[in-house]
Amino acid sequence: MLHLLRSVSVLALCCLLACSSSGEGSEAESSGARTVTIDQPNEAKEVENTLALEPGLYVIDGSECDDPVATGSRVWTGRGLEASSTTNCTFEVTSHEGMVYHGRQSCDNSGTTEFSVEVLEPGSFVLTEAGETMHLTLCPDGEVPEWVRDKLSGK
């Protein structure tokens, strides 16, 4: 549909140019000139990853990727850092120093929390929340449970 609208826009512009250039002299060009605006629907924009982290399941050292401990795992969705029990979380960076990001997060089924994330590399970070600090690393895609795949697909 969007491709069709763009084709129509290009065709309308070509017709407009052809009509305005068919007359001779500046008087004919100025009298036939019109501005045509064709509204196009807003294209959905992908949510930008606010942290330099790969989306996926992150677990603490010693935790199994296919059966992670709830208190020692988080899913970075590209928008927020979710636990197994939280949904539709959005992390807002309030300040940062180098690769340490401080911010607050709101989720559909829980209140607002504040925490900091130190990005060590795209697959590793240190989370500090409520005075607790833990180092988490990214699990390989094929080793994550179904609920993680659901979170990453937006289900």
# chains A, B, ... in the order shown; residues from 1 in each chain; ligands from 1
$ residues_around --residues "Glu143 of chain A" --least-positions-apart "2" --cutoff "8 Å" --atoms "only C-alpha atoms" --output "JSON, numbers by chain"
{"A": [65, 66, 139, 140, 141, 145]}
$ write_last_selection --atoms "N, CA and C atoms" --output "compact mmCIF listing (two decimals), in the first residue's frame"
# COMPACT_ATOMS: atom_id res chain seq x y z
N CYS A 65 21.04 -21.00 31.09
CA CYS A 65 20.27 -20.18 30.15
C CYS A 65 18.89 -20.77 29.87
N ASP A 66 18.77 -22.10 29.79
CA ASP A 66 17.48 -22.71 29.48
C ASP A 66 16.53 -22.78 30.67
N CYS A 139 22.98 -14.88 26.91
CA CYS A 139 22.86 -16.30 26.55
C CYS A 139 22.77 -16.43 25.03
N PRO A 140 23.25 -17.54 24.48
CA PRO A 140 23.07 -17.79 23.05
C PRO A 140 21.58 -17.94 22.73
N ASP A 141 21.17 -17.49 21.54
CA ASP A 141 19.76 -17.51 21.14
C ASP A 141 19.10 -18.88 21.30
N PRO A 145 14.58 -20.06 27.12
CA PRO A 145 13.24 -20.64 27.19
C PRO A 145 12.23 -19.87 26.34
$ residues_around --residues "Arg149 of chain A" --least-positions-apart "3" --cutoff "12 Å" --atoms "only C-alpha atoms" --output "PDB file with N, CA and C atoms, in the first residue's frame"
ATOM      1  N   PRO A  55      19.728  -7.340  22.350  1.00  0.00           N
ATOM      2  CA  PRO A  55      18.514  -7.870  22.959  1.00  0.00           C
ATOM      3  C   PRO A  55      18.664  -9.370  23.220  1.00  0.00           C
ATOM      4  N   GLY A  56      18.160  -9.814  24.358  1.00  0.00           N
ATOM      5  CA  GLY A  56      18.214 -11.230  24.704  1.00  0.00           C
ATOM      6  C   GLY A  56      18.202 -11.455  26.189  1.00  0.00           C
ATOM      7  N   LEU A  57      18.389 -12.718  26.579  1.00  0.00           N
ATOM      8  CA  LEU A  57      18.406 -13.122  27.983  1.00  0.00           C
ATOM      9  C   LEU A  57      19.814 -12.984  28.543  1.00  0.00           C
ATOM     10  N   ASP A  66      18.767 -22.095  29.789  1.00  0.00           N
ATOM     11  CA  ASP A  66      17.475 -22.706  29.475  1.00  0.00           C
ATOM     12  C   ASP A  66      16.532 -22.778  30.670  1.00  0.00           C
ATOM     13  N   VAL A  75      15.866  -9.832  30.837  1.00  0.00           N
ATOM     14  CA  VAL A  75      15.752  -9.831  29.384  1.00  0.00           C
ATOM     15  C   VAL A  75      15.825  -8.379  28.921  1.00  0.00           C
ATOM     16  N   TRP A  76      16.840  -8.055  28.115  1.00  0.00           N
ATOM     17  CA  TRP A  76      16.906  -6.735  27.509  1.00  0.00           C
ATOM     18  C   TRP A  76      16.137  -6.815  26.200  1.00  0.00           C
ATOM     19  N   THR A  77      15.018  -6.091  26.117  1.00  0.00           N
ATOM     20  CA  THR A  77      14.149  -6.141  24.940  1.00  0.00           C
ATOM     21  C   THR A  77      14.528  -5.109  23.884  1.00  0.00           C
ATOM     22  N   SER A  84      11.282 -12.189  34.573  1.00  0.00           N
ATOM     23  CA  SER A  84      10.296 -13.136  34.048  1.00  0.00           C
ATOM     24  C   SER A  84       8.869 -12.698  34.371  1.00  0.00           C
ATOM     25  N   PRO A 140      23.249 -17.543  24.484  1.00  0.00           N
ATOM     26  CA  PRO A 140      23.072 -17.794  23.052  1.00  0.00           C
ATOM     27  C   PRO A 140      21.582 -17.938  22.727  1.00  0.00           C
ATOM     28  N   ASP A 141      21.174 -17.489  21.543  1.00  0.00           N
ATOM     29  CA  ASP A 141      19.760 -17.509  21.141  1.00  0.00           C
ATOM     30  C   ASP A 141      19.102 -18.881  21.296  1.00  0.00           C
ATOM     31  N   GLY A 142      19.776 -19.931  20.914  1.00  0.00           N
ATOM     32  CA  GLY A 142      19.188 -21.263  20.935  1.00  0.00           C
ATOM     33  C   GLY A 142      19.035 -21.874  22.315  1.00  0.00           C
ATOM     34  N   GLU A 143      19.520 -21.203  23.347  1.00  0.00           N
ATOM     35  CA  GLU A 143      19.479 -21.771  24.698  1.00  0.00           C
ATOM     36  C   GLU A 143      18.535 -21.037  25.640  1.00  0.00           C
ATOM     37  N   VAL A 144      17.580 -20.286  25.107  1.00  0.00           N
ATOM     38  CA  VAL A 144      16.679 -19.531  25.970  1.00  0.00           C
ATOM     39  C   VAL A 144      15.297 -20.176  25.992  1.00  0.00           C
ATOM     40  N   PRO A 145      14.583 -20.061  27.116  1.00  0.00           N
ATOM     41  CA  PRO A 145      13.239 -20.642  27.192  1.00  0.00           C
ATOM     42  C   PRO A 145      12.225 -19.874  26.340  1.00  0.00           C
ATOM     43  N   GLU A 146      11.077 -20.483  26.131  1.00  0.00           N
ATOM     44  CA  GLU A 146      10.018 -19.911  25.289  1.00  0.00           C
ATOM     45  C   GLU A 146       9.545 -18.544  25.789  1.00  0.00           C
ATOM     46  N   LEU A 152      10.842 -11.144  23.581  1.00  0.00           N
ATOM     47  CA  LEU A 152      11.606 -10.504  22.520  1.00  0.00           C
ATOM     48  C   LEU A 152      10.800 -10.283  21.253  1.00  0.00           C
ATOM     49  N   SER A 153       9.765 -11.096  21.049  1.00  0.00           N
ATOM     50  CA  SER A 153       8.926 -10.931  19.860  1.00  0.00           C
ATOM     51  C   SER A 153       7.757  -9.989  20.127  1.00  0.00           C
ATOM     52  N   GLY A 154       7.598  -9.547  21.372  1.00  0.00           N
ATOM     53  CA  GLY A 154       6.529  -8.616  21.706  1.00  0.00           C
ATOM     54  C   GLY A 154       5.198  -9.269  22.022  1.00  0.00           C
ATOM     55  N   LYS A 155       5.182 -10.559  22.249  1.00  0.00           N
ATOM     56  CA  LYS A 155       3.923 -11.260  22.570  1.00  0.00           C
ATOM     57  C   LYS A 155       3.522 -11.034  24.007  1.00  0.00           C
TER      58      LYS A 155
END
$ residues_around --residues "segment 110-118 of chain A" --least-positions-apart "3" --cutoff "12 Å" --atoms "only C-alpha atoms" --output "PyMOL selection string"
chain A and resi 50-53+74+76+80-83+85-107+121-136
$ atom_distance --atom1 "atom CA of Leu138 of chain A" --atom2 "atom CA of Asn109 of chain A"
24.6 Å
$ select_by_dssp --residues "segment 29-141 of chain A" --states "alpha helix (DSSP H)" --output "VMD selection string"
chain A and resid 29 to 32
$ atom_distance --atom1 "atom CA of Asp108 of chain A" --atom2 "atom CA of Glu64 of chain A"
27.1 Å
